[in-house]
$ cat protein_35.cif   # mmCIF, C-alpha atoms
data_my_file
loop_
_atom_site.label_atom_id
_atom_site.label_comp_id
_atom_site.auth_asym_id
_atom_site.auth_seq_id
_atom_site.Cartn_x
_atom_site.Cartn_y
_atom_site.Cartn_z
CA MET A 1364 33.54 -40.47 -36.44
CA THR A 1365 35.49 -41.22 -39.61
CA LYS A 1366 39.11 -42.23 -39.17
CA PRO A 1367 41.56 -40.23 -41.32
CA ILE A 1368 43.50 -42.13 -43.97
CA LEU A 1369 47.26 -41.86 -44.41
CA ALA A 1370 48.39 -43.31 -47.76
CA VAL A 1371 51.95 -44.48 -48.44
CA ILE A 1372 52.94 -44.18 -52.12
CA GLY A 1373 56.10 -44.25 -54.19
CA ARG A 1374 57.90 -46.16 -56.90
CA PRO A 1375 59.24 -49.71 -56.41
CA ASN A 1376 62.03 -50.52 -53.96
CA VAL A 1377 61.97 -47.29 -51.98
CA GLY A 1378 60.97 -49.09 -48.77
CA LYS A 1379 57.22 -48.45 -48.67
CA SER A 1380 56.26 -51.75 -47.10
CA THR A 1381 59.08 -51.61 -44.55
CA LEU A 1382 58.00 -48.12 -43.58
CA PHE A 1383 54.34 -49.21 -43.44
CA ASN A 1384 55.20 -52.10 -41.10
CA LYS A 1385 57.29 -49.83 -38.91
CA LEU A 1386 54.46 -47.28 -38.69
CA ILE A 1387 51.92 -49.80 -37.48
CA GLY A 1388 54.31 -51.68 -35.22
CA GLN A 1389 56.69 -49.27 -33.51
CA ARG A 1390 55.17 -46.90 -30.96
CA LEU A 1391 51.90 -47.31 -32.82
CA SER A 1392 49.47 -49.99 -31.77
CA ILE A 1393 47.46 -51.98 -34.29
CA VAL A 1394 43.82 -51.38 -33.43
CA GLU A 1395 42.29 -53.81 -35.90
CA ASP A 1396 43.49 -56.74 -37.92
CA THR A 1397 41.51 -58.16 -40.77
CA PRO A 1398 40.40 -61.72 -41.45
CA GLY A 1399 40.17 -63.05 -44.96
CA ILE A 1400 43.48 -61.68 -46.19
CA THR A 1401 45.65 -64.60 -47.22
CA ARG A 1402 48.48 -62.92 -49.10
CA ASP A 1403 49.14 -59.29 -48.23
CA ARG A 1404 47.74 -56.74 -45.84
CA ILE A 1405 47.70 -53.31 -47.39
CA TYR A 1406 46.04 -51.41 -44.57
CA ALA A 1407 45.88 -51.34 -40.79
CA ASP A 1408 44.40 -49.06 -38.19
CA ALA A 1409 46.95 -47.39 -35.95
CA GLU A 1410 47.02 -45.04 -32.97
CA TRP A 1411 49.46 -42.25 -32.17
CA PHE A 1412 49.01 -40.58 -28.77
CA GLY A 1413 45.27 -41.13 -28.82
CA ARG A 1414 44.62 -40.27 -32.48
CA VAL A 1415 43.38 -43.29 -34.42
CA PHE A 1416 43.87 -43.38 -38.18
CA SER A 1417 44.23 -45.85 -41.02
CA VAL A 1418 47.54 -46.42 -42.81
CA VAL A 1419 47.33 -47.68 -46.40
CA ASP A 1420 50.27 -49.18 -48.25
CA THR A 1421 49.89 -49.01 -52.03
CA GLY A 1422 52.31 -51.91 -52.21
CA GLY A 1423 55.00 -53.03 -54.57
CA ILE A 1424 54.63 -52.59 -58.30
CA GLU A 1425 55.34 -55.62 -60.44
CA PRO A 1426 53.93 -54.84 -63.86
CA ALA A 1427 54.24 -57.19 -66.79
CA GLY A 1428 56.48 -54.85 -68.74
CA LYS A 1429 58.17 -51.47 -68.63
CA ASP A 1430 55.48 -49.91 -70.77
CA VAL A 1431 52.93 -50.14 -67.91
CA ILE A 1432 55.13 -48.97 -65.03
CA LEU A 1433 54.07 -45.36 -65.46
CA GLN A 1434 50.44 -46.35 -65.89
CA GLU A 1435 50.62 -48.36 -62.69
CA MET A 1436 52.17 -45.49 -60.74
CA ARG A 1437 49.57 -43.08 -62.03
CA MET A 1438 46.82 -45.42 -60.91
CA GLN A 1439 48.32 -45.64 -57.42
CA VAL A 1440 48.67 -41.89 -57.11
CA GLU A 1441 45.16 -41.25 -58.38
CA LEU A 1442 43.77 -43.78 -55.92
CA ALA A 1443 45.70 -42.24 -53.03
CA MET A 1444 44.49 -38.79 -54.01
CA ASP A 1445 40.93 -40.07 -54.13
CA THR A 1446 40.87 -41.79 -50.75
CA ALA A 1447 43.58 -40.32 -48.51
CA ASP A 1448 43.50 -37.32 -46.20
CA VAL A 1449 47.30 -37.09 -46.21
CA ILE A 1450 49.86 -38.75 -48.51
CA LEU A 1451 53.37 -39.88 -47.63
CA PHE A 1452 55.43 -39.75 -50.83
CA ILE A 1453 58.35 -42.13 -50.25
CA THR A 1454 61.67 -41.69 -52.07
CA ASN A 1455 65.08 -43.34 -51.71
CA LEU A 1456 68.22 -41.45 -50.65
CA LYS A 1457 70.56 -44.03 -52.17
CA GLU A 1458 69.06 -43.75 -55.66
CA GLY A 1459 68.45 -40.01 -55.59
CA VAL A 1460 65.72 -38.24 -57.55
CA THR A 1461 64.58 -40.32 -60.53
CA ALA A 1462 62.38 -39.55 -63.53
CA ASN A 1463 59.60 -41.61 -61.98
CA ASP A 1464 59.85 -39.58 -58.76
CA MET A 1465 59.45 -36.43 -60.85
CA GLU A 1466 56.37 -37.88 -62.57
CA ILE A 1467 54.71 -38.72 -59.25
CA ALA A 1468 55.63 -35.33 -57.79
CA THR A 1469 54.01 -33.55 -60.73
CA MET A 1470 50.72 -35.40 -60.23
CA LEU A 1471 50.77 -34.69 -56.50
CA GLN A 1472 51.42 -30.99 -57.06
CA LYS A 1473 48.42 -30.76 -59.38
CA SER A 1474 46.18 -32.58 -56.94
CA GLY A 1475 46.61 -30.18 -54.05
CA LYS A 1476 46.32 -33.13 -51.65
CA PRO A 1477 48.37 -32.63 -48.43
CA THR A 1478 51.63 -34.47 -49.09
CA LEU A 1479 54.76 -35.08 -47.03
CA LEU A 1480 57.99 -35.89 -48.89
CA VAL A 1481 59.80 -38.72 -47.09
CA VAL A 1482 63.41 -39.53 -48.03
CA ASN A 1483 63.95 -43.11 -46.89
CA LYS A 1484 67.13 -45.09 -46.22
CA CYS A 1485 68.85 -42.32 -44.25
CA ASP A 1486 70.20 -45.06 -42.02
CA SER A 1487 73.18 -43.30 -40.44
CA PRO A 1488 72.49 -41.29 -37.25
CA GLY A 1489 73.77 -37.77 -36.92
CA GLU A 1490 73.76 -34.98 -39.50
CA VAL A 1491 71.24 -34.97 -42.32
CA PRO A 1492 72.90 -36.54 -45.39
CA VAL A 1493 73.82 -33.98 -48.03
CA GLY A 1494 71.94 -36.02 -50.64
CA VAL A 1495 68.63 -35.18 -48.97
CA TYR A 1496 68.78 -31.61 -50.29
CA GLU A 1497 68.53 -32.88 -53.87
CA PHE A 1498 64.91 -33.81 -53.16
CA TYR A 1499 63.87 -30.16 -52.85
CA SER A 1500 63.88 -30.25 -56.65
CA LEU A 1501 60.64 -32.29 -56.55
CA GLY A 1502 58.75 -29.20 -55.43
CA ILE A 1503 56.80 -31.05 -52.72
CA GLY A 1504 58.25 -29.10 -49.80
CA ASP A 1505 60.75 -29.90 -47.07
CA PRO A 1506 61.99 -33.49 -47.24
CA TYR A 1507 61.79 -35.62 -44.10
CA PRO A 1508 64.86 -37.88 -43.76
CA VAL A 1509 63.89 -41.22 -42.22
CA SER A 1510 65.10 -44.75 -41.81
CA SER A 1511 62.22 -47.19 -42.14
CA LEU A 1512 64.67 -49.94 -41.19
CA HIS A 1513 65.55 -48.39 -37.82
CA GLY A 1514 62.49 -46.17 -37.30
CA MET A 1515 64.53 -42.96 -37.14
CA GLY A 1516 62.65 -39.78 -38.05
CA LEU A 1517 59.22 -41.39 -38.27
CA GLY A 1518 57.88 -39.58 -35.20
CA ASP A 1519 58.29 -36.19 -36.86
CA VAL A 1520 56.55 -37.43 -40.00
CA ILE A 1521 53.54 -38.83 -38.14
CA GLU A 1522 53.14 -35.76 -35.94
CA LYS A 1523 53.15 -33.55 -39.02
CA ALA A 1524 50.70 -35.84 -40.84
CA ILE A 1525 48.30 -35.76 -37.89
CA SER A 1526 48.43 -31.96 -37.87
CA LEU A 1527 47.18 -32.06 -41.47
CA PHE A 1528 44.28 -34.43 -40.77
CA PRO A 1529 40.76 -32.98 -40.72
CA GLU A 1530 39.64 -31.81 -37.30
CA GLU A 1531 37.96 -34.41 -35.12
CA THR A 1532 34.27 -33.58 -35.17
CA GLU A 1533 31.22 -35.69 -34.59
CA SER A 1534 29.29 -35.99 -37.82
CA GLU A 1535 25.85 -34.43 -37.84
CA GLU A 1536 25.10 -35.28 -41.43
CA ASP A 1537 21.95 -37.15 -42.41
CA GLY A 1538 20.24 -36.97 -39.00
CA ASP A 1539 18.34 -40.22 -38.46
CA ASN A 1540 19.15 -41.56 -41.90
CA ILE A 1541 20.68 -45.02 -42.09
CA LYS A 1542 24.01 -44.66 -43.92
CA VAL A 1543 24.53 -47.57 -46.30
CA ALA A 1544 27.89 -48.26 -47.97
CA ILE A 1545 27.71 -50.19 -51.23
CA VAL A 1546 31.06 -51.96 -51.36
CA GLY A 1547 32.65 -54.66 -53.47
CA LYS A 1548 35.10 -55.39 -56.24
CA PRO A 1549 35.18 -53.37 -59.45
CA ASN A 1550 32.47 -54.40 -61.91
CA ALA A 1551 30.40 -56.20 -59.28
CA GLY A 1552 27.45 -53.98 -60.13
CA LYS A 1553 27.55 -51.39 -57.35
CA SER A 1554 26.69 -48.42 -59.57
CA SER A 1555 24.02 -50.41 -61.40
CA LEU A 1556 22.40 -51.19 -58.06
CA VAL A 1557 22.42 -47.56 -56.94
CA ASN A 1558 21.16 -46.38 -60.32
CA HIS A 1559 18.34 -48.89 -60.22
CA ILE A 1560 17.32 -47.78 -56.74
CA LEU A 1561 17.43 -44.10 -57.62
CA GLY A 1562 15.73 -44.63 -60.97
CA GLU A 1563 12.67 -46.39 -59.62
CA ASN A 1564 12.35 -44.38 -56.42
CA ARG A 1565 10.10 -41.33 -56.71
CA MET A 1566 11.04 -39.87 -53.33
CA ILE A 1567 14.60 -38.75 -54.08
CA VAL A 1568 15.30 -35.48 -52.28
CA SER A 1569 18.78 -34.61 -53.53
CA ASN A 1570 22.25 -35.77 -54.41
CA ILE A 1571 24.76 -34.80 -51.73
CA PRO A 1572 28.28 -34.05 -52.97
CA GLY A 1573 31.26 -32.90 -50.96
CA THR A 1574 32.18 -35.75 -48.64
CA THR A 1575 35.78 -36.05 -47.59
CA ARG A 1576 36.35 -38.94 -49.96
CA ASP A 1577 35.06 -37.18 -53.08
CA ALA A 1578 32.24 -39.72 -53.27
CA ILE A 1579 28.64 -38.98 -54.18
CA ASP A 1580 26.01 -39.76 -51.57
CA SER A 1581 22.39 -40.17 -52.57
CA TYR A 1582 19.35 -39.81 -50.34
CA VAL A 1583 16.32 -42.05 -50.72
CA GLU A 1584 13.30 -42.70 -48.53
CA ARG A 1585 11.40 -45.93 -48.12
CA ASP A 1586 8.34 -46.37 -45.89
CA GLY A 1587 9.17 -43.23 -43.93
CA GLN A 1588 12.81 -44.16 -43.29
CA GLY A 1589 15.63 -42.15 -44.89
CA PHE A 1590 18.72 -43.84 -46.29
CA THR A 1591 21.99 -42.30 -47.44
CA LEU A 1592 23.61 -44.50 -50.08
CA ILE A 1593 27.40 -44.26 -50.26
CA ASP A 1594 28.45 -45.55 -53.67
CA THR A 1595 32.10 -46.64 -53.80
CA ALA A 1596 32.02 -47.38 -57.52
CA GLY A 1597 34.38 -45.73 -59.98
CA MET A 1598 37.45 -47.97 -60.01
CA ARG A 1599 37.63 -49.94 -63.21
CA ARG A 1600 40.27 -52.34 -64.40
CA HIS A 1601 43.06 -50.72 -66.42
CA SER A 1602 44.09 -52.96 -69.28
CA ARG A 1603 47.19 -55.08 -68.73
CA VAL A 1604 47.77 -54.05 -65.13
CA ASP A 1605 47.35 -57.54 -63.73
CA ASP A 1606 45.29 -57.70 -60.48
CA THR A 1607 46.54 -54.57 -58.76
CA VAL A 1608 43.45 -52.43 -59.42
CA GLU A 1609 41.24 -54.96 -57.67
CA ARG A 1610 43.70 -55.21 -54.79
CA TYR A 1611 43.63 -51.47 -54.25
CA SER A 1612 39.82 -51.28 -54.41
CA VAL A 1613 39.96 -52.11 -50.69
CA MET A 1614 41.00 -48.50 -50.14
CA ARG A 1615 37.73 -47.21 -51.54
CA ALA A 1616 35.75 -49.63 -49.42
CA LEU A 1617 37.75 -48.67 -46.33
CA ALA A 1618 36.67 -45.02 -46.42
CA ALA A 1619 33.02 -45.83 -47.09
CA VAL A 1620 32.79 -48.49 -44.38
CA GLU A 1621 34.07 -46.06 -41.76
CA ARG A 1622 31.16 -43.72 -42.49
CA CYS A 1623 28.37 -46.25 -42.76
CA ASP A 1624 25.86 -47.90 -40.44
CA VAL A 1625 25.24 -50.83 -42.77
CA ALA A 1626 27.58 -52.28 -45.40
CA VAL A 1627 26.11 -54.02 -48.43
CA ILE A 1628 28.84 -56.28 -49.82
CA VAL A 1629 28.17 -56.79 -53.53
CA ILE A 1630 29.49 -60.01 -55.07
CA ASP A 1631 29.49 -60.72 -58.79
CA ALA A 1632 27.77 -64.09 -59.19
CA SER A 1633 29.21 -64.54 -62.68
CA ALA A 1634 32.77 -64.23 -61.29
CA GLY A 1635 32.23 -66.19 -58.08
CA ILE A 1636 33.45 -65.38 -54.57
CA SER A 1637 37.11 -64.30 -54.44
CA GLU A 1638 39.92 -63.37 -52.08
CA GLN A 1639 39.27 -59.73 -52.85
CA ASP A 1640 35.66 -60.12 -51.71
CA ALA A 1641 36.99 -61.64 -48.48
CA LYS A 1642 39.31 -58.67 -47.93
CA ILE A 1643 36.48 -56.20 -48.22
CA ALA A 1644 34.14 -58.31 -46.09
CA GLY A 1645 36.91 -58.70 -43.51
CA TYR A 1646 37.19 -54.96 -43.07
CA VAL A 1647 33.41 -54.67 -42.63
CA HIS A 1648 33.53 -57.40 -39.97
CA GLU A 1649 36.42 -55.86 -38.04
CA ALA A 1650 34.80 -52.43 -38.19
CA GLY A 1651 31.81 -53.94 -36.38
CA LYS A 1652 29.30 -52.87 -39.01
CA ALA A 1653 25.95 -54.44 -39.77
CA SER A 1654 26.27 -56.24 -43.08
CA ILE A 1655 24.41 -57.89 -45.92
CA ILE A 1656 25.93 -60.11 -48.61
CA LEU A 1657 24.36 -59.20 -51.94
CA ILE A 1658 24.94 -61.66 -54.77
CA ASN A 1659 24.38 -59.65 -57.95
CA LYS A 1660 24.03 -60.68 -61.63
CA TRP A 1661 22.05 -63.76 -60.64
CA ASP A 1662 20.19 -63.42 -63.93
CA LEU A 1663 23.39 -64.45 -65.74
CA ILE A 1664 23.69 -67.79 -63.95
CA GLU A 1665 22.33 -70.97 -65.50
CA LYS A 1666 20.12 -72.57 -62.87
CA GLU A 1667 19.99 -76.20 -61.89
CA THR A 1668 18.69 -77.92 -58.80
CA LYS A 1669 20.18 -76.32 -55.66
CA THR A 1670 22.27 -73.81 -57.69
CA MET A 1671 21.50 -71.07 -55.17
CA GLN A 1672 22.32 -73.30 -52.19
CA VAL A 1673 25.63 -74.38 -53.72
CA PHE A 1674 26.65 -70.77 -54.38
CA GLN A 1675 25.57 -69.70 -50.90
CA ASN A 1676 27.69 -72.47 -49.38
CA SER A 1677 30.74 -71.32 -51.35
CA VAL A 1678 30.20 -67.75 -50.11
CA TYR A 1679 30.07 -68.78 -46.46
CA ASP A 1680 33.02 -71.15 -46.91
CA THR A 1681 35.12 -68.18 -48.04
CA LEU A 1682 33.58 -65.72 -45.58
CA SER A 1683 33.64 -68.16 -42.68
CA PHE A 1684 34.00 -65.27 -40.21
CA MET A 1685 30.73 -63.71 -41.46
CA THR A 1686 28.19 -66.52 -41.41
CA TYR A 1687 25.90 -64.23 -39.37
CA ALA A 1688 25.35 -61.97 -42.39
CA PRO A 1689 22.16 -62.61 -44.40
CA ASN A 1690 22.43 -62.97 -48.15
CA LEU A 1691 20.21 -61.84 -51.00
CA PHE A 1692 20.40 -62.96 -54.64
CA ILE A 1693 19.51 -60.11 -56.99
CA SER A 1694 19.89 -58.66 -60.45
CA ALA A 1695 20.54 -54.92 -60.40
CA LYS A 1696 20.01 -54.93 -64.16
CA THR A 1697 16.49 -56.41 -64.10
CA GLY A 1698 15.54 -55.33 -60.58
CA GLN A 1699 15.00 -58.92 -59.42
CA ARG A 1700 14.55 -58.99 -55.60
CA VAL A 1701 16.04 -55.49 -55.17
CA ASP A 1702 12.83 -54.48 -53.37
CA LYS A 1703 13.79 -56.88 -50.54
CA LEU A 1704 17.01 -54.99 -49.80
CA PHE A 1705 15.70 -52.06 -47.74
CA PRO A 1706 13.71 -54.12 -45.21
CA MET A 1707 16.84 -56.22 -44.78
CA ILE A 1708 18.97 -53.08 -44.23
CA GLN A 1709 16.59 -51.85 -41.53
CA SER A 1710 16.60 -55.26 -39.86
CA VAL A 1711 20.39 -55.64 -39.62
CA PHE A 1712 20.72 -51.99 -38.50
CA GLN A 1713 18.35 -52.70 -35.60
CA GLN A 1714 20.21 -55.91 -34.74
CA ASN A 1715 23.54 -54.05 -34.71
CA SER A 1716 22.00 -51.51 -32.30
CA MET A 1717 20.34 -54.04 -30.00
CA ARG A 1718 20.78 -53.70 -26.24
CA ILE A 1719 20.01 -56.59 -23.87
CA SER A 1720 19.42 -56.16 -20.15
CA THR A 1721 21.97 -57.56 -17.71
CA GLY A 1722 19.32 -59.66 -15.98
CA VAL A 1723 18.29 -61.41 -19.18
CA LEU A 1724 21.92 -61.96 -20.19
CA ASN A 1725 22.71 -63.66 -16.90
CA ASP A 1726 19.64 -65.88 -17.19
CA ILE A 1727 21.02 -67.03 -20.55
CA LEU A 1728 24.48 -67.45 -19.02
CA THR A 1729 23.16 -69.59 -16.17
CA ASP A 1730 21.22 -71.81 -18.54
CA ALA A 1731 24.19 -72.12 -20.93
CA THR A 1732 26.70 -73.09 -18.23
CA GLU A 1733 24.31 -75.66 -16.78
CA LYS A 1734 23.91 -77.36 -20.16
CA VAL A 1735 27.59 -77.21 -21.12
CA GLN A 1736 30.08 -76.92 -18.28
CA PRO A 1737 32.84 -74.31 -18.72
CA PRO A 1738 36.27 -75.73 -19.63
CA SER A 1739 38.97 -76.63 -17.14
CA ASP A 1740 42.74 -76.94 -17.30
CA LYS A 1741 45.02 -78.74 -14.82
CA GLY A 1742 42.19 -79.09 -12.34
CA LYS A 1743 41.12 -75.45 -12.48
CA ARG A 1744 37.74 -74.69 -14.04
CA LEU A 1745 36.57 -71.49 -15.66
CA LYS A 1746 34.03 -69.62 -13.56
CA ILE A 1747 31.93 -66.94 -15.19
CA TYR A 1748 30.52 -64.69 -12.49
CA TYR A 1749 28.29 -62.54 -14.63
CA MET A 1750 27.83 -60.90 -18.02
CA THR A 1751 26.76 -57.42 -19.04
CA GLN A 1752 26.50 -55.50 -22.29
CA ALA A 1753 29.08 -52.75 -22.65
CA SER A 1754 27.99 -51.13 -25.91
CA THR A 1755 26.16 -51.46 -29.20
CA ASN A 1756 27.22 -51.11 -32.85
CA PRO A 1757 28.24 -53.91 -32.61
CA PRO A 1758 26.74 -55.54 -29.51
CA THR A 1759 29.67 -55.94 -27.12
CA PHE A 1760 29.49 -58.02 -23.94
CA ILE A 1761 31.78 -58.19 -20.91
CA LEU A 1762 32.31 -61.51 -19.16
CA PHE A 1763 33.73 -61.38 -15.62
CA VAL A 1764 35.66 -64.59 -14.91
CA ASN A 1765 38.09 -66.11 -12.44
CA ASP A 1766 40.87 -66.70 -14.99
CA LYS A 1767 41.04 -65.26 -18.53
CA GLU A 1768 43.39 -68.01 -19.66
CA LEU A 1769 40.62 -70.56 -19.17
CA ALA A 1770 38.16 -68.64 -21.38
CA HIS A 1771 38.80 -70.70 -24.49
CA PHE A 1772 37.64 -69.41 -27.86
CA SER A 1773 35.38 -72.41 -28.41
CA TYR A 1774 33.42 -71.80 -25.23
CA ILE A 1775 33.03 -68.08 -25.94
CA ARG A 1776 31.72 -69.03 -29.38
CA TYR A 1777 29.25 -71.38 -27.65
CA LEU A 1778 27.98 -68.49 -25.50
CA GLU A 1779 27.74 -66.28 -28.58
CA ASN A 1780 25.64 -68.91 -30.32
CA ARG A 1781 23.30 -69.14 -27.33
CA ILE A 1782 22.81 -65.36 -27.37
CA ARG A 1783 22.17 -65.43 -31.10
CA GLU A 1784 19.68 -68.29 -30.70
CA THR A 1785 17.73 -66.18 -28.20
CA PHE A 1786 17.89 -62.73 -29.79
CA GLY A 1787 18.84 -63.34 -33.42
CA LEU A 1788 21.50 -60.68 -33.90
CA THR A 1789 21.40 -61.45 -37.60
CA GLY A 1790 23.67 -59.32 -39.74
CA THR A 1791 25.93 -58.08 -36.96
CA PRO A 1792 29.19 -59.26 -35.42
CA VAL A 1793 29.22 -59.82 -31.68
CA ARG A 1794 32.18 -58.86 -29.49
CA PHE A 1795 33.25 -60.25 -26.10
CA ILE A 1796 35.57 -58.61 -23.58
CA ILE A 1797 36.96 -61.00 -20.96
CA ARG A 1798 37.86 -59.54 -17.57
CA GLU A 1799 39.00 -61.13 -14.35
CA ARG A 1800 37.00 -60.05 -11.33
CA GLY A 1801 38.67 -57.07 -9.69
CA GLU A 1802 40.68 -56.29 -12.85
CA ASN A 1803 41.38 -52.63 -13.53
CA ARG A 1804 38.83 -51.41 -16.10
CA ASP A 1805 40.91 -48.52 -17.44
#

$ encode --input "protein_35.cif" --output "structure tokens"
Amino acid sequence: MTKPILAVIGRPNVGKSTLFNKLIGQRLSIVEDTPGITRDRIYADAEWFGRVFSVVDTGGIEPAGKDVILQEMRMQVELAMDTADVILFITNLKEGVTANDMEIATMLQKSGKPTLLVVNKCDSPGEVPVGVYEFYSLGIGDPYPVSSLHGMGLGDVIEKAISLFPEETESEEDGDNIKVAIVGKPNAGKSSLVNHILGENRMIVSNIPGTTRDAIDSYVERDGQGFTLIDTAGMRRHSRVDDTVERYSVMRALAAVERCDVAVIVIDASAGISEQDAKIAGYVHEAGKASIILINKWDLIEKETKTMQVFQNSVYDTLSFMTYAPNLFISAKTGQRVDKLFPMIQSVFQQNSMRISTGVLNDILTDATEKVQPPSDKGKRLKIYYMTQASTNPPTFILFVNDKELAHFSYIRYLENRIRETFGLTGTPVRFIIRERGENRD
């Protein structure tokens, strides 16, 4: 089931990031956090009375000069319109309606995307400030007065936004097809890869438009197995807009990853591995998806002894949380090694769906604890009574122990490695849930 996306947009200094932080922290619980983000988090999964959704902050705008401010805002709005189910348009009571607010409002009106007008910095409790009524002139509808600083009024906004989300339905699309998201930075070669696959494949049935993200899905079949390719390409760098376009490309990946069974993370070999690649890979990891790291444009790299090994090491150094993911060096332009991709997709899909019997798991557990004794603290030693698998996609295991505080990360990683040594589980994250015996399972 795809999580709805709530995008927060607006001009600089209206309080977007403060509101974003309040949304994911007050009365809303963060469901997932993302590794690999070293500077700024622009999205988080949140829950409101049982409804899980993603909140996306389009961030502050710091263009190089005034001449690109409008271009930058247009890019943000277009991106929000492309990826979001509902948009929160944030304005500032203390500054009133500005020309830039009017520009954004005009684009939103033309889009038809469900939009809620939020008037921030209404920090005084009591009557609605008279200045709020000025914002009716934007033509977006009734303004919602809020204080992102104090959290006042946010409940009404979120409840209304949830009412505008698509209905929760289990997807029946594609049947037994494996859904594959092609994700990565702009210009990494995602579209070239899809075009190469579709161009050489003679078993294309149809192109499938009309997904909720305005993407184009393509169906292909290989060796009797159907695949739905979700191409997230389309964002290209606007001239002189610094790095913001690449930063916001995470939003496109976010929507595609939610729908997929397998994520193919495309990295541009000529540009090297970057923080942006780590952001996208981090979301794939936290979403529990099977994954493949695809190093594209390998034909452009001058080769020396161990060139591939050196590049592979740099990838896994940056994506240290995803060393389980296999890699493949290709050229989408020439077709080099592209034929190896589909067998790899099927393999990691099966690994992500693997189920292991409780008896076998506990045999592994017994052997592992005999070879390396569980840790102890202040004379008390960790006891692991038994292990069972709770779910698949990704494989998730429950450990029943005497004291959760003694279940150190390093020892859990040791157990994970033993399971991987036995069963492989290549291309999939592995999750552990630690419970004390007799603990309430609700």

$ closest_residue --input "protein_35.cif" --among "A:Ala1544, A:Ala1409, A:Ile1797, A:Leu1471" --to "A:Gly1388" --atoms "only C-alpha atoms"
A:Ala1409

$ atom_distance --input "protein_35.cif" --atom1 "atom CA of A:Asn1540" --atom2 "atom CA of A:Ser1417"
25.5 Å

$ closest_residue --input "protein_35.cif" --among "A:Gly1413, A:Gly1378, A:Gly1459, A:Gly1373" --to "A:His1513" --atoms "all atoms listed in the file"
A:Gly1378

$ residues_around --input "protein_35.cif" --residues "A:Val1711" --least-positions-apart "2" --cutoff "6 Å" --atoms "all atoms listed in the file" --output "short mmCIF file (atom, residue, chain, number, x, y, z; two decimals) with C-alpha atoms, in the frame of the given file"
data_model
loop_
_atom_site.label_atom_id
_atom_site.label_comp_id
_atom_site.auth_asym_id
_atom_site.auth_seq_id
_atom_site.Cartn_x
_atom_site.Cartn_y
_atom_site.Cartn_z
CA ALA A 1653 25.95 -54.44 -39.77
CA ILE A 1708 18.97 -53.08 -44.23
CA GLN A 1709 16.59 -51.85 -41.53
CA GLN A 1713 18.35 -52.70 -35.60
CA GLN A 1714 20.21 -55.91 -34.74
CA GLY A 1790 23.67 -59.32 -39.74
#

$ closest_residue --input "protein_35.cif" --among "A:Ile1782, A:Ala1641, A:Glu1733, A:Arg1414" --to "A:Glu1530" --atoms "all atoms listed in the file"
A:Arg1414

$ residues_around --input "protein_35.cif" --residues "A:Ile1453" --least-positions-apart "5" --cutoff "10 Å" --atoms "only C-alpha atoms" --output "short mmCIF file (atom, residue, chain, number, x, y, z; two decimals) with C-alpha atoms, in the frame of the given file"
data_model
loop_
_atom_site.label_atom_id
_atom_site.label_comp_id
_atom_site.auth_asym_id
_atom_site.auth_seq_id
_atom_site.Cartn_x
_atom_site.Cartn_y
_atom_site.Cartn_z
CA VAL A 1371 51.95 -44.48 -48.44
CA ILE A 1372 52.94 -44.18 -52.12
CA GLY A 1373 56.10 -44.25 -54.19
CA ARG A 1374 57.90 -46.16 -56.90
CA PRO A 1375 59.24 -49.71 -56.41
CA ASN A 1376 62.03 -50.52 -53.96
CA VAL A 1377 61.97 -47.29 -51.98
CA GLY A 1378 60.97 -49.09 -48.77
CA LYS A 1379 57.22 -48.45 -48.67
CA LEU A 1382 58.00 -48.12 -43.58
CA ASP A 1464 59.85 -39.58 -58.76
CA LEU A 1479 54.76 -35.08 -47.03
CA LEU A 1480 57.99 -35.89 -48.89
CA VAL A 1481 59.80 -38.72 -47.09
CA VAL A 1482 63.41 -39.53 -48.03
CA ASN A 1483 63.95 -43.11 -46.89
CA PRO A 1506 61.99 -33.49 -47.24
CA TYR A 1507 61.79 -35.62 -44.10
CA VAL A 1509 63.89 -41.22 -42.22
#

$ atom_distance --input "protein_35.cif" --atom1 "atom CA of A:Met1515" --atom2 "atom CA of A:Ser1487"
9.3 Å

$ resolve_selection --input "protein_35.cif" --expression "the PyMOL selection byres ((chain A and resi 1753) around 10)" --output "compact mmCIF listing (two decimals) with C-alpha atoms, in the coordinates of the input"
# COMPACT_ATOMS: atom_id res chain seq x y z
CA ARG A 1718 20.78 -53.70 -26.24
CA ILE A 1719 20.01 -56.59 -23.87
CA THR A 1721 21.97 -57.56 -17.71
CA MET A 1750 27.83 -60.90 -18.02
CA THR A 1751 26.76 -57.42 -19.04
CA GLN A 1752 26.50 -55.50 -22.29
CA SER A 1754 27.99 -51.13 -25.91
CA THR A 1755 26.16 -51.46 -29.20
CA PRO A 1758 26.74 -55.54 -29.51
CA THR A 1759 29.67 -55.94 -27.12
CA PHE A 1760 29.49 -58.02 -23.94
CA ILE A 1761 31.78 -58.19 -20.91
CA LEU A 1762 32.31 -61.51 -19.16
CA ARG A 1794 32.18 -58.86 -29.49
CA PHE A 1795 33.25 -60.25 -26.10
CA ILE A 1796 35.57 -58.61 -23.58

$ resolve_selection --input "protein_35.cif" --expression "the PyMOL selection byres ((chain A and resi 1624) around 7)" --output "VMD selection string"
chain A and resid 1541 to 1543 1623 1625 to 1626 1652 to 1653 1712

$ write_last_selection --input "protein_35.cif" --atoms "C-alpha atoms" --output "short mmCIF file (atom, residue, chain, number, x, y, z; two decimals), in the coordinates of the input"
data_model
loop_
_atom_site.label_atom_id
_atom_site.label_comp_id
_atom_site.auth_asym_id
_atom_site.auth_seq_id
_atom_site.Cartn_x
_atom_site.Cartn_y
_atom_site.Cartn_z
CA ILE A 1541 20.68 -45.02 -42.09
CA LYS A 1542 24.01 -44.66 -43.92
CA VAL A 1543 24.53 -47.57 -46.30
CA CYS A 1623 28.37 -46.25 -42.76
CA VAL A 1625 25.24 -50.83 -42.77
CA ALA A 1626 27.58 -52.28 -45.40
CA LYS A 1652 29.30 -52.87 -39.01
CA ALA A 1653 25.95 -54.44 -39.77
CA PHE A 1712 20.72 -51.99 -38.50
#
